[in-house]
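What follows is a set of notes on a single structure, which appears directly below.
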Amino acid sequence: MTKEKKMVILTGFIVGLSALILVAFGNPKNMGFCIACFIRDIAGSLDLHTTKGLQYARPEIFGLILGSTLFALINKEFRATSGSAPVMRFTLGFFMMAGALVFLGCPLRMVLRLGAGDGKAIFALIGFTGGIALGSYFLNQGFTLGRSFKQKSIEGMLLPLISIAMLVFGFFKMVGFEGEASHAPFFLSLGLALIVGALAQRSRFCMVGGIRDYILFKDNHLFLGSLTLLITVLIGNIILGNFSLSFTFSQSIWYILSMTLVGLCGALLGGCPLRQLVLTGEGNGDSAITLLGMLVGAAVSHNFSTASTPTLVKSGGKIEVIAGLVLVTVTAVLIVKKQNKGVN
Amino acid sequence: MEVDARGLVCPQPVILTKKAMSKKPEVMDVLVDNVAALENVTRYATAMKYDVEKVASGDEYILKLRKK
């Protein structure tokens with residue numbers, strides 16, 4: 001087995017282990033390491049939405065970014081770049097978040113839910129795989145968001161610096177406001193996130209990439225990471241007594257379609273929400289814009305009640321998912337057509 | 001034959017390489033400017049039975065691919 005494969009497998013294992021630890025120490029059940037949920041809570045902490053219980057500047061997100069930054073700086077891989085279709089990336093980030101909040105989980109949490117026996121995650125996985133297959137088809141047909149260009153270092157350092165500021169803000173805001181959202185101890189979350197961020201930077205761990213690379217190149221390299229994550233949380237949940245099998249066809253079509261939207265957006269963006277954070281940490285301004293699109297998407301989903309509750313997919317969410325799928329698909333078709341005509 | 005994949009993030013550098021390989025070149029150069037693309041193109045080319053030689057030039061890399 002190559003060193004690269006070992007690294008991806010190690011990352012999958014540590015992500016799964018961290019999720020189990022964080023849940024055991026207070027993070028909401030099965031959330032562990034949900035990028036979409038955490039960004040939503042950060043939007044809440046900034047009062048971009050005011051849903052009670054979902055307002056906390058989750059240190060995991062900033063830890064992931066900073067872990068990636070630190071490792072990228074050590075490895076001399078930090079490069080400030082941007083300029084590749086920023087508005088399009090913002091929009092794709094917005095819809096990736098909207099879709100995730102209809103299913104209630106990013107691709108990472110989908111696997112965590114699967115590993116806890118939640119049957120709804122099977123439908124989500126079907127949709128997610130379908131979305132990536134569609135996105136991969138567009139990529140194969142010539143879809144591109146265009147090239148990025150080198151920028152001044154400070155451009156790439158801004159989000160990591162903001163992450164440090166947000167950690168300080170989150171730490172002090174948390175004091176005295178313990179009831180706002182259930183969470184693991186601040187420094188435990190931060191420490192684990194720094195480790196995962198560094199490992200994911202090194203291994204290029206990506207939930208979208210695992211399926212995408214297999215479809216496009218028959219390359220199972222990244223997929224091994226996702227598989228390791230699933231096995232880790234499955235075994236962990238069984239040992240800890242958190243595994244409880246449940247299955248229902250109710251609202252399954254919406255779990256399929258919402259995660260189709262997430263998979264499609266992720267494939268066109270070049271990576272899942274976790275990968276976007278890691279790339280942001282490496283100085284990639286295009287991923288930073290995607291992250292901001294996700295933040296706004298989370299705020300809108302809660303302010304306009306399109307985000308689901310654990311038992312109900314709302315009509316607004318259904319409309320948003322359909323609108324997102326149509327908009328993103330039409331945009332991708334138009335880009336492919338123009339690309340193949342040689343028009344920019 | 002040369003593939004310019006600078007400024008592109010994965011999987012696009014590998015897709016461009018794959019498309020160029022469909023013409024079955026004996027040798028080709030792939031230009032990349034990030035380490036993830038460098039690793040991914042190298043992995044794909046190796047799987048496609050090409051020898052890969054890496055030439056670093058500043059922030060960029062030229063991957064010299066030669067059919068085994």
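Residue names in the structure tokens use chain letters A, B, ... in the order shown, residue numbers from 1 in each chain, and ligand numbers from 1 in the order shown.
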
9 Å contact set for region 105-110 of chain A, only C-alpha atoms, chain neighbours under 2 positions out, as a PDB file with N, CA, C and O atoms, in the first residue's frame:
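selection.pdb written:
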ATOM      1  N   ASN A  30     -24.632  12.235  16.764  1.00  0.00           N
ATOM      2  CA  ASN A  30     -24.352  11.975  15.345  1.00  0.00           C
ATOM      3  C   ASN A  30     -23.796  13.175  14.592  1.00  0.00           C
ATOM      4  O   ASN A  30     -23.500  13.097  13.425  1.00  0.00           O
ATOM      5  N   MET A  31     -23.725  14.326  15.258  1.00  0.00           N
ATOM      6  CA  MET A  31     -23.199  15.490  14.538  1.00  0.00           C
ATOM      7  C   MET A  31     -21.683  15.373  14.467  1.00  0.00           C
ATOM      8  O   MET A  31     -21.123  15.388  13.398  1.00  0.00           O
ATOM      9  N   GLY A  32     -21.082  15.178  15.633  1.00  0.00           N
ATOM     10  CA  GLY A  32     -19.640  14.980  15.688  1.00  0.00           C
ATOM     11  C   GLY A  32     -18.877  16.018  14.908  1.00  0.00           C
ATOM     12  O   GLY A  32     -18.459  17.037  15.439  1.00  0.00           O
ATOM     13  N   PHE A  33     -18.758  15.763  13.627  1.00  0.00           N
ATOM     14  CA  PHE A  33     -17.983  16.628  12.748  1.00  0.00           C
ATOM     15  C   PHE A  33     -18.805  16.989  11.524  1.00  0.00           C
ATOM     16  O   PHE A  33     -18.463  16.586  10.426  1.00  0.00           O
ATOM     17  N   CYS A  34     -19.910  17.690  11.721  1.00  0.00           N
ATOM     18  CA  CYS A  34     -20.732  18.063  10.559  1.00  0.00           C
ATOM     19  C   CYS A  34     -20.405  19.488  10.141  1.00  0.00           C
ATOM     20  O   CYS A  34     -20.702  20.442  10.854  1.00  0.00           O
ATOM     21  N   ILE A  35     -19.794  19.604   8.972  1.00  0.00           N
ATOM     22  CA  ILE A  35     -19.344  20.926   8.518  1.00  0.00           C
ATOM     23  C   ILE A  35     -20.539  21.852   8.291  1.00  0.00           C
ATOM     24  O   ILE A  35     -20.513  23.027   8.682  1.00  0.00           O
ATOM     25  N   ALA A  36     -21.593  21.326   7.671  1.00  0.00           N
ATOM     26  CA  ALA A  36     -22.766  22.163   7.378  1.00  0.00           C
ATOM     27  C   ALA A  36     -23.410  22.647   8.680  1.00  0.00           C
ATOM     28  O   ALA A  36     -23.711  23.834   8.823  1.00  0.00           O
ATOM     29  N   CYS A  37     -23.592  21.723   9.631  1.00  0.00           N
ATOM     30  CA  CYS A  37     -24.231  22.099  10.900  1.00  0.00           C
ATOM     31  C   CYS A  37     -23.391  23.132  11.643  1.00  0.00           C
ATOM     32  O   CYS A  37     -23.916  24.065  12.246  1.00  0.00           O
ATOM     33  N   MET A  96     -25.129  24.232  -1.943  1.00  0.00           N
ATOM     34  CA  MET A  96     -24.586  23.041  -1.277  1.00  0.00           C
ATOM     35  C   MET A  96     -25.062  23.045   0.187  1.00  0.00           C
ATOM     36  O   MET A  96     -25.463  22.011   0.727  1.00  0.00           O
ATOM     37  N   MET A  97     -25.044  24.223   0.806  1.00  0.00           N
ATOM     38  CA  MET A  97     -25.507  24.329   2.191  1.00  0.00           C
ATOM     39  C   MET A  97     -27.020  24.136   2.270  1.00  0.00           C
ATOM     40  O   MET A  97     -27.521  23.437   3.162  1.00  0.00           O
ATOM     41  N   GLY A  99     -28.971  22.410   0.383  1.00  0.00           N
ATOM     42  CA  GLY A  99     -29.268  20.976   0.242  1.00  0.00           C
ATOM     43  C   GLY A  99     -28.930  20.219   1.513  1.00  0.00           C
ATOM     44  O   GLY A  99     -29.707  19.393   2.003  1.00  0.00           O
ATOM     45  N   ALA A 100     -27.766  20.541   2.082  1.00  0.00           N
ATOM     46  CA  ALA A 100     -27.323  19.836   3.297  1.00  0.00           C
ATOM     47  C   ALA A 100     -28.293  20.082   4.457  1.00  0.00           C
ATOM     48  O   ALA A 100     -28.533  19.188   5.269  1.00  0.00           O
ATOM     49  N   LEU A 101     -28.868  21.271   4.525  1.00  0.00           N
ATOM     50  CA  LEU A 101     -29.763  21.581   5.641  1.00  0.00           C
ATOM     51  C   LEU A 101     -31.183  21.044   5.416  1.00  0.00           C
ATOM     52  O   LEU A 101     -32.001  21.069   6.322  1.00  0.00           O
ATOM     53  N   VAL A 102     -31.454  20.550   4.215  1.00  0.00           N
ATOM     54  CA  VAL A 102     -32.730  19.852   4.008  1.00  0.00           C
ATOM     55  C   VAL A 102     -32.581  18.403   4.480  1.00  0.00           C
ATOM     56  O   VAL A 102     -33.445  17.868   5.173  1.00  0.00           O
ATOM     57  N   PHE A 103     -31.441  17.791   4.126  1.00  0.00           N
ATOM     58  CA  PHE A 103     -31.190  16.436   4.645  1.00  0.00           C
ATOM     59  C   PHE A 103     -30.827  16.496   6.135  1.00  0.00           C
ATOM     60  O   PHE A 103     -31.096  15.568   6.888  1.00  0.00           O
ATOM     61  N   LEU A 112     -21.678   9.618   9.136  1.00  0.00           N
ATOM     62  CA  LEU A 112     -21.798   9.428  10.590  1.00  0.00           C
ATOM     63  C   LEU A 112     -23.187   8.897  10.937  1.00  0.00           C
ATOM     64  O   LEU A 112     -23.339   8.017  11.783  1.00  0.00           O
ATOM     65  N   ARG A 113     -24.215   9.429  10.253  1.00  0.00           N
ATOM     66  CA  ARG A 113     -25.583   8.959  10.496  1.00  0.00           C
ATOM     67  C   ARG A 113     -25.746   7.513  10.028  1.00  0.00           C
ATOM     68  O   ARG A 113     -26.410   6.705  10.677  1.00  0.00           O
ATOM     69  N   LEU A 114     -25.116   7.222   8.899  1.00  0.00           N
ATOM     70  CA  LEU A 114     -25.149   5.847   8.371  1.00  0.00           C
ATOM     71  C   LEU A 114     -24.521   4.893   9.391  1.00  0.00           C
ATOM     72  O   LEU A 114     -25.055   3.813   9.670  1.00  0.00           O
ATOM     73  N   GLY A 115     -23.413   5.312   9.953  1.00  0.00           N
ATOM     74  CA  GLY A 115     -22.684   4.489  10.925  1.00  0.00           C
ATOM     75  C   GLY A 115     -23.400   4.356  12.253  1.00  0.00           C
ATOM     76  O   GLY A 115     -23.021   3.547  13.093  1.00  0.00           O
ATOM     77  N   LYS A 120     -32.261   6.812   6.926  1.00  0.00           N
ATOM     78  CA  LYS A 120     -32.463   7.961   6.018  1.00  0.00           C
ATOM     79  C   LYS A 120     -31.168   8.279   5.265  1.00  0.00           C
ATOM     80  O   LYS A 120     -31.191   8.792   4.143  1.00  0.00           O
ATOM     81  N   ALA A 121     -30.048   7.978   5.917  1.00  0.00           N
ATOM     82  CA  ALA A 121     -28.754   8.281   5.305  1.00  0.00           C
ATOM     83  C   ALA A 121     -28.489   7.416   4.075  1.00  0.00           C
ATOM     84  O   ALA A 121     -27.692   7.793   3.207  1.00  0.00           O
ATOM     85  N   ILE A 122     -29.184   6.275   3.969  1.00  0.00           N
ATOM     86  CA  ILE A 122     -29.017   5.435   2.771  1.00  0.00           C
ATOM     87  C   ILE A 122     -29.570   6.178   1.560  1.00  0.00           C
ATOM     88  O   ILE A 122     -28.943   6.224   0.495  1.00  0.00           O
ATOM     89  N   ALA A 124     -29.886   9.387   1.361  1.00  0.00           N
ATOM     90  CA  ALA A 124     -28.983  10.516   1.151  1.00  0.00           C
ATOM     91  C   ALA A 124     -27.758  10.089   0.335  1.00  0.00           C
ATOM     92  O   ALA A 124     -27.332  10.795  -0.582  1.00  0.00           O
ATOM     93  N   LEU A 125     -27.232   8.912   0.664  1.00  0.00           N
ATOM     94  CA  LEU A 125     -26.047   8.413  -0.034  1.00  0.00           C
ATOM     95  C   LEU A 125     -26.349   8.141  -1.511  1.00  0.00           C
ATOM     96  O   LEU A 125     -25.523   8.433  -2.386  1.00  0.00           O
ATOM     97  N   PHE A 128     -26.499  11.565  -3.086  1.00  0.00           N
ATOM     98  CA  PHE A 128     -25.155  12.145  -3.098  1.00  0.00           C
ATOM     99  C   PHE A 128     -24.332  11.539  -4.240  1.00  0.00           C
ATOM    100  O   PHE A 128     -23.695  12.256  -5.025  1.00  0.00           O
ATOM    101  N   MET A 207     -14.928  13.828   0.718  1.00  0.00           N
ATOM    102  CA  MET A 207     -16.053  12.913   0.576  1.00  0.00           C
ATOM    103  C   MET A 207     -16.573  12.885  -0.857  1.00  0.00           C
ATOM    104  O   MET A 207     -17.055  11.861  -1.336  1.00  0.00           O
ATOM    105  N   VAL A 208     -16.509  14.029  -1.533  1.00  0.00           N
ATOM    106  CA  VAL A 208     -16.932  14.076  -2.939  1.00  0.00           C
ATOM    107  C   VAL A 208     -15.873  13.393  -3.802  1.00  0.00           C
ATOM    108  O   VAL A 208     -16.189  12.577  -4.671  1.00  0.00           O
ATOM    109  N   SER A 226     -13.138   7.551   2.937  1.00  0.00           N
ATOM    110  CA  SER A 226     -14.562   7.597   3.297  1.00  0.00           C
ATOM    111  C   SER A 226     -14.997   6.260   3.888  1.00  0.00           C
ATOM    112  O   SER A 226     -15.749   6.206   4.860  1.00  0.00           O
ATOM    113  N   LEU A 229     -13.751   5.873   7.363  1.00  0.00           N
ATOM    114  CA  LEU A 229     -14.572   6.692   8.255  1.00  0.00           C
ATOM    115  C   LEU A 229     -15.849   5.940   8.637  1.00  0.00           C
ATOM    116  O   LEU A 229     -16.211   5.866   9.816  1.00  0.00           O
ATOM    117  N   MET A 259     -29.497  15.653  -1.239  1.00  0.00           N
ATOM    118  CA  MET A 259     -28.094  15.272  -1.294  1.00  0.00           C
ATOM    119  C   MET A 259     -27.588  15.141  -2.742  1.00  0.00           C
ATOM    120  O   MET A 259     -26.383  15.181  -2.981  1.00  0.00           O
ATOM    121  N   VAL A 262     -26.277  18.508  -3.128  1.00  0.00           N
ATOM    122  CA  VAL A 262     -24.979  18.637  -2.440  1.00  0.00           C
ATOM    123  C   VAL A 262     -23.870  17.969  -3.267  1.00  0.00           C
ATOM    124  O   VAL A 262     -22.799  18.550  -3.471  1.00  0.00           O
ATOM    125  N   GLY A 263     -24.146  16.766  -3.764  1.00  0.00           N
ATOM    126  CA  GLY A 263     -23.143  16.039  -4.553  1.00  0.00           C
ATOM    127  C   GLY A 263     -22.806  16.768  -5.841  1.00  0.00           C
ATOM    128  O   GLY A 263     -21.633  16.882  -6.222  1.00  0.00           O
ATOM    129  N   CYS A 272     -15.891  18.525  -1.301  1.00  0.00           N
ATOM    130  CA  CYS A 272     -16.964  18.567  -0.299  1.00  0.00           C
ATOM    131  C   CYS A 272     -16.740  19.759   0.640  1.00  0.00           C
ATOM    132  O   CYS A 272     -15.708  20.419   0.578  1.00  0.00           O
ATOM    133  N   PRO A 273     -17.686  20.040   1.538  1.00  0.00           N
ATOM    134  CA  PRO A 273     -17.502  21.165   2.468  1.00  0.00           C
ATOM    135  C   PRO A 273     -16.198  21.091   3.276  1.00  0.00           C
ATOM    136  O   PRO A 273     -15.517  22.098   3.448  1.00  0.00           O
ATOM    137  N   LEU A 274     -15.812  19.905   3.740  1.00  0.00           N
ATOM    138  CA  LEU A 274     -14.560  19.770   4.494  1.00  0.00           C
ATOM    139  C   LEU A 274     -13.363  20.166   3.631  1.00  0.00           C
ATOM    140  O   LEU A 274     -12.471  20.898   4.060  1.00  0.00           O
TER     141      LEU A 274
END

Please determine the contact residues of chain A with respect to chain B at a cut-off of 10 Å, counting only C-alpha atoms, and supply them as an mmCIF file with C-alpha atoms, in the first residue's frame.
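Below is the file iface04.cif, written as the result:
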data_model
loop_
_atom_site.group_PDB
_atom_site.id
_atom_site.type_symbol
_atom_site.label_atom_id
_atom_site.label_comp_id
_atom_site.auth_asym_id
_atom_site.auth_seq_id
_atom_site.Cartn_x
_atom_site.Cartn_y
_atom_site.Cartn_z
ATOM 1 C CA GLU A 4 -0.585 8.309 0.137
ATOM 2 C CA LYS A 76 5.551 25.043 1.833
ATOM 3 C CA GLU A 77 2.214 24.360 0.138
ATOM 4 C CA PHE A 78 0.551 27.588 1.236
ATOM 5 C CA ARG A 79 -0.295 29.554 -1.911
ATOM 6 C CA THR A 81 -4.756 32.050 -5.220
ATOM 7 C CA SER A 82 -8.196 33.149 -6.382
ATOM 8 C CA GLY A 83 -10.099 34.497 -9.356
ATOM 9 C CA SER A 84 -11.881 31.371 -10.575
ATOM 10 C CA SER A 136 -18.551 14.152 -13.028
ATOM 11 C CA LEU A 139 -16.602 17.718 -15.762
ATOM 12 C CA ASN A 140 -15.865 15.057 -18.363
ATOM 13 C CA GLN A 141 -17.769 17.086 -20.934
ATOM 14 C CA GLY A 142 -15.529 20.073 -20.262
ATOM 15 C CA PHE A 143 -17.193 21.893 -17.350
ATOM 16 C CA THR A 144 -14.776 24.283 -15.682
ATOM 17 C CA LEU A 145 -14.991 27.261 -13.365
ATOM 18 C CA GLY A 146 -11.819 28.591 -14.983
ATOM 19 C CA ARG A 147 -8.307 29.125 -13.786
ATOM 20 C CA SER A 148 -7.300 30.804 -10.556
ATOM 21 C CA PHE A 149 -4.363 33.168 -10.290
ATOM 22 C CA LYS A 150 -1.660 33.849 -7.772
ATOM 23 C CA GLN A 201 -4.476 18.946 4.147
ATOM 24 C CA ARG A 202 -1.814 16.301 3.758
ATOM 25 C CA SER A 203 -4.066 13.497 2.492
ATOM 26 C CA ARG A 204 -6.526 15.630 0.390
ATOM 27 C CA GLY A 209 -13.507 13.208 -4.331
ATOM 28 C CA ARG A 212 -15.848 11.279 -8.120
ATOM 29 C CA ASP A 213 -12.353 9.873 -8.686
ATOM 30 C CA LEU A 216 -13.871 9.412 -13.529
ATOM 31 C CA PHE A 217 -10.619 7.475 -13.215
ATOM 32 C CA LYS A 218 -11.445 4.196 -11.439
ATOM 33 C CA ASP A 219 -9.175 5.530 -8.670
ATOM 34 C CA HIS A 221 -7.543 6.298 -3.374
ATOM 35 C CA ALA A 267 -18.399 17.869 -7.765
ATOM 36 C CA LEU A 268 -18.575 21.140 -9.719
ATOM 37 C CA LEU A 269 -16.732 22.993 -6.926
ATOM 38 C CA GLY A 270 -14.008 20.351 -6.787
ATOM 39 C CA GLY A 271 -14.650 19.176 -3.246
#

If you count only C-alpha atoms, which residues fall within 6 Å of Leu63 (chain B), apart from same-chain ones fewer than 4 positions away, as an mmCIF file with N, CA and C atoms, in the first residue's frame?
data_model
loop_
_atom_site.group_PDB
_atom_site.id
_atom_site.type_symbol
_atom_site.label_atom_id
_atom_site.label_comp_id
_atom_site.auth_asym_id
_atom_site.auth_seq_id
_atom_site.Cartn_x
_atom_site.Cartn_y
_atom_site.Cartn_z
ATOM 1 N N ASP B 29 4.058 16.587 -21.731
ATOM 2 C CA ASP B 29 4.356 17.409 -20.555
ATOM 3 C C ASP B 29 3.045 17.898 -19.956
ATOM 4 N N VAL B 30 2.965 17.864 -18.635
ATOM 5 C CA VAL B 30 1.796 18.420 -17.943
ATOM 6 C C VAL B 30 2.285 19.501 -16.989
ATOM 7 N N GLU B 53 8.568 12.163 -14.627
ATOM 8 C CA GLU B 53 9.717 12.903 -14.093
ATOM 9 C C GLU B 53 9.229 14.296 -13.727
ATOM 10 N N LYS B 54 9.540 14.720 -12.506
ATOM 11 C CA LYS B 54 9.063 16.022 -12.030
ATOM 12 C C LYS B 54 10.170 17.067 -12.137
#

Checklist entry - Which polymer residues have any atom within 10 Å of an atom of Ser246 (chain A), counting only C-alpha atoms, with same-chain residues fewer than 2 positions away left out, as a ChimeraX atom specification? => result /A:116-120,243-244,248

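Picture a line from CA of Gly156 (chain A) to CA of Glu282 (chain A); it runs 7.4 Å.
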
Next on the checklist: I want to know what sits within 10 Å of Ile289 (chain A), based on only C-alpha atoms, with residues of the same chain fewer than 6 positions away left out; could you give that as an MDAnalysis selection string?
Outcome noted: chainID A and resid 82 85:91 93 159 276 280 295

Atoms to include: N, CA and C atoms. Write the selected residues as a short mmCIF file (atom, residue, chain, number, x, y, z; two decimals), in the first residue's frame.
data_model
loop_
_atom_site.label_atom_id
_atom_site.label_comp_id
_atom_site.auth_asym_id
_atom_site.auth_seq_id
_atom_site.Cartn_x
_atom_site.Cartn_y
_atom_site.Cartn_z
N SER A 82 -6.75 32.95 -6.24
CA SER A 82 -8.20 33.15 -6.38
C SER A 82 -8.47 33.67 -7.78
N ALA A 85 -14.10 32.21 -11.08
CA ALA A 85 -15.57 32.31 -11.00
C ALA A 85 -16.09 32.49 -9.57
N PRO A 86 -15.73 33.58 -8.89
CA PRO A 86 -16.12 33.73 -7.49
C PRO A 86 -17.63 33.74 -7.25
N VAL A 87 -18.39 34.42 -8.11
CA VAL A 87 -19.84 34.51 -7.88
C VAL A 87 -20.49 33.13 -8.05
N MET A 88 -20.01 32.41 -9.05
CA MET A 88 -20.53 31.06 -9.29
C MET A 88 -20.21 30.16 -8.07
N ARG A 89 -19.01 30.29 -7.55
CA ARG A 89 -18.62 29.47 -6.40
C ARG A 89 -19.46 29.83 -5.17
N PHE A 90 -19.70 31.13 -4.99
CA PHE A 90 -20.54 31.57 -3.87
C PHE A 90 -21.92 30.92 -4.00
N THR A 91 -22.47 30.95 -5.21
CA THR A 91 -23.82 30.40 -5.46
C THR A 91 -23.83 28.89 -5.22
N GLY A 93 -21.81 27.24 -3.33
CA GLY A 93 -21.66 27.05 -1.88
C GLY A 93 -23.00 27.25 -1.18
N LEU A 159 -8.68 34.63 5.66
CA LEU A 159 -9.64 33.72 6.32
C LEU A 159 -9.00 33.00 7.52
N GLN A 276 -13.36 22.17 1.15
CA GLN A 276 -13.38 23.62 0.93
C GLN A 276 -12.70 24.34 2.10
N THR A 280 -9.30 26.47 1.84
CA THR A 280 -9.30 27.84 2.37
C THR A 280 -8.06 28.04 3.24
N LEU A 295 -22.07 30.03 4.38
CA LEU A 295 -22.50 30.77 5.58
C LEU A 295 -23.82 31.51 5.32
#

Checklist entry - How many Å lie between CA of Lys64 (chain B) and CA of Glu26 (chain B), rounded to one decimal? => result 10.8 Å

Item to check | Nearest-residue call for Gly58 (chain B), choices B:Val32, B:Ala37, B:Ala45, B:Val27, using only C-alpha atoms | outcome: B:Val32

Item to check | For Ala198 (chain A): contacts at 9 Å, only C-alpha atoms, fewer than 5 positions along chain excluded, given as a list in words | outcome: Leu64, Ile65, Leu66, Gly67, Ser68, Thr69, Leu70, Phe71, Ala72, Ala193, Ser203 and Val278 of chain A

Got time to write the residues from that selection, all heavy atoms, as a PDB file, in the first residue's frame?
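As a result, out11.pdb now contains:
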ATOM      1  N   LEU A  64     -10.158  23.449  11.832  1.00  0.00           N
ATOM      2  CA  LEU A  64      -9.875  22.757  10.567  1.00  0.00           C
ATOM      3  C   LEU A  64      -9.110  23.671   9.611  1.00  0.00           C
ATOM      4  O   LEU A  64      -8.123  23.265   8.994  1.00  0.00           O
ATOM      5  CB  LEU A  64     -11.193  22.311   9.907  1.00  0.00           C
ATOM      6  CG  LEU A  64     -11.876  21.084  10.521  1.00  0.00           C
ATOM      7  CD1 LEU A  64     -13.287  20.934   9.984  1.00  0.00           C
ATOM      8  CD2 LEU A  64     -11.076  19.826  10.199  1.00  0.00           C
ATOM      9  N   ILE A  65      -9.586  24.915   9.501  1.00  0.00           N
ATOM     10  CA  ILE A  65      -8.916  25.873   8.608  1.00  0.00           C
ATOM     11  C   ILE A  65      -7.476  26.098   9.070  1.00  0.00           C
ATOM     12  O   ILE A  65      -6.528  26.026   8.278  1.00  0.00           O
ATOM     13  CB  ILE A  65      -9.687  27.219   8.574  1.00  0.00           C
ATOM     14  CG1 ILE A  65     -11.063  27.033   7.916  1.00  0.00           C
ATOM     15  CG2 ILE A  65      -8.879  28.295   7.840  1.00  0.00           C
ATOM     16  CD1 ILE A  65     -11.951  28.263   7.948  1.00  0.00           C
ATOM     17  N   LEU A  66      -7.314  26.330  10.376  1.00  0.00           N
ATOM     18  CA  LEU A  66      -5.978  26.661  10.891  1.00  0.00           C
ATOM     19  C   LEU A  66      -5.036  25.458  10.882  1.00  0.00           C
ATOM     20  O   LEU A  66      -3.837  25.607  10.642  1.00  0.00           O
ATOM     21  CB  LEU A  66      -6.097  27.248  12.301  1.00  0.00           C
ATOM     22  CG  LEU A  66      -6.749  28.643  12.333  1.00  0.00           C
ATOM     23  CD1 LEU A  66      -7.066  29.056  13.765  1.00  0.00           C
ATOM     24  CD2 LEU A  66      -5.850  29.680  11.680  1.00  0.00           C
ATOM     25  N   GLY A  67      -5.580  24.264  11.110  1.00  0.00           N
ATOM     26  CA  GLY A  67      -4.754  23.048  11.019  1.00  0.00           C
ATOM     27  C   GLY A  67      -4.193  22.905   9.620  1.00  0.00           C
ATOM     28  O   GLY A  67      -3.016  22.575   9.420  1.00  0.00           O
ATOM     29  N   SER A  68      -5.046  23.179   8.651  1.00  0.00           N
ATOM     30  CA  SER A  68      -4.614  23.110   7.252  1.00  0.00           C
ATOM     31  C   SER A  68      -3.573  24.185   6.965  1.00  0.00           C
ATOM     32  O   SER A  68      -2.550  23.925   6.324  1.00  0.00           O
ATOM     33  CB  SER A  68      -5.833  23.280   6.338  1.00  0.00           C
ATOM     34  OG  SER A  68      -5.430  23.586   5.034  1.00  0.00           O
ATOM     35  N   THR A  69      -3.817  25.402   7.470  1.00  0.00           N
ATOM     36  CA  THR A  69      -2.867  26.506   7.240  1.00  0.00           C
ATOM     37  C   THR A  69      -1.493  26.155   7.809  1.00  0.00           C
ATOM     38  O   THR A  69      -0.471  26.305   7.125  1.00  0.00           O
ATOM     39  CB  THR A  69      -3.372  27.807   7.914  1.00  0.00           C
ATOM     40  OG1 THR A  69      -4.676  28.090   7.431  1.00  0.00           O
ATOM     41  CG2 THR A  69      -2.455  28.985   7.598  1.00  0.00           C
ATOM     42  N   LEU A  70      -1.480  25.683   9.052  1.00  0.00           N
ATOM     43  CA  LEU A  70      -0.206  25.369   9.705  1.00  0.00           C
ATOM     44  C   LEU A  70       0.570  24.310   8.922  1.00  0.00           C
ATOM     45  O   LEU A  70       1.763  24.467   8.653  1.00  0.00           O
ATOM     46  CB  LEU A  70      -0.450  24.879  11.145  1.00  0.00           C
ATOM     47  CG  LEU A  70      -0.902  25.946  12.140  1.00  0.00           C
ATOM     48  CD1 LEU A  70      -1.277  25.313  13.476  1.00  0.00           C
ATOM     49  CD2 LEU A  70       0.214  26.975  12.354  1.00  0.00           C
ATOM     50  N   PHE A  71      -0.134  23.256   8.531  1.00  0.00           N
ATOM     51  CA  PHE A  71       0.541  22.164   7.825  1.00  0.00           C
ATOM     52  C   PHE A  71       0.988  22.607   6.425  1.00  0.00           C
ATOM     53  O   PHE A  71       2.057  22.213   5.959  1.00  0.00           O
ATOM     54  CB  PHE A  71      -0.385  20.946   7.739  1.00  0.00           C
ATOM     55  CG  PHE A  71       0.345  19.661   7.970  1.00  0.00           C
ATOM     56  CD1 PHE A  71       0.978  19.413   9.174  1.00  0.00           C
ATOM     57  CD2 PHE A  71       0.430  18.711   6.967  1.00  0.00           C
ATOM     58  CE1 PHE A  71       1.679  18.231   9.381  1.00  0.00           C
ATOM     59  CE2 PHE A  71       1.124  17.527   7.163  1.00  0.00           C
ATOM     60  CZ  PHE A  71       1.745  17.291   8.378  1.00  0.00           C
ATOM     61  N   ALA A  72       0.141  23.435   5.787  1.00  0.00           N
ATOM     62  CA  ALA A  72       0.499  23.935   4.451  1.00  0.00           C
ATOM     63  C   ALA A  72       1.729  24.842   4.536  1.00  0.00           C
ATOM     64  O   ALA A  72       2.605  24.800   3.674  1.00  0.00           O
ATOM     65  CB  ALA A  72      -0.675  24.687   3.840  1.00  0.00           C
ATOM     66  N   ALA A 193      -9.862  19.346  15.866  1.00  0.00           N
ATOM     67  CA  ALA A 193     -10.035  19.960  14.542  1.00  0.00           C
ATOM     68  C   ALA A 193      -8.693  20.338  13.927  1.00  0.00           C
ATOM     69  O   ALA A 193      -8.487  20.188  12.718  1.00  0.00           O
ATOM     70  CB  ALA A 193     -10.936  21.184  14.653  1.00  0.00           C
ATOM     71  N   SER A 203      -3.540  14.653   3.229  1.00  0.00           N
ATOM     72  CA  SER A 203      -4.066  13.497   2.492  1.00  0.00           C
ATOM     73  C   SER A 203      -5.037  13.879   1.384  1.00  0.00           C
ATOM     74  O   SER A 203      -5.402  13.039   0.578  1.00  0.00           O
ATOM     75  CB  SER A 203      -4.772  12.547   3.463  1.00  0.00           C
ATOM     76  OG  SER A 203      -5.942  13.153   3.975  1.00  0.00           O
ATOM     77  N   VAL A 278     -10.339  23.055   4.054  1.00  0.00           N
ATOM     78  CA  VAL A 278      -8.904  22.753   3.988  1.00  0.00           C
ATOM     79  C   VAL A 278      -8.235  23.610   2.909  1.00  0.00           C
ATOM     80  O   VAL A 278      -7.162  24.183   3.126  1.00  0.00           O
ATOM     81  CB  VAL A 278      -8.696  21.245   3.725  1.00  0.00           C
ATOM     82  CG1 VAL A 278      -7.245  20.944   3.397  1.00  0.00           C
ATOM     83  CG2 VAL A 278      -9.129  20.437   4.946  1.00  0.00           C
TER      84      VAL A 278
END

Checklist entry - So which bits of chain B end up helix (DSSP H, G or I) when you DSSP the backbone, as a ChimeraX atom specification? => result /B:12-21,35-47
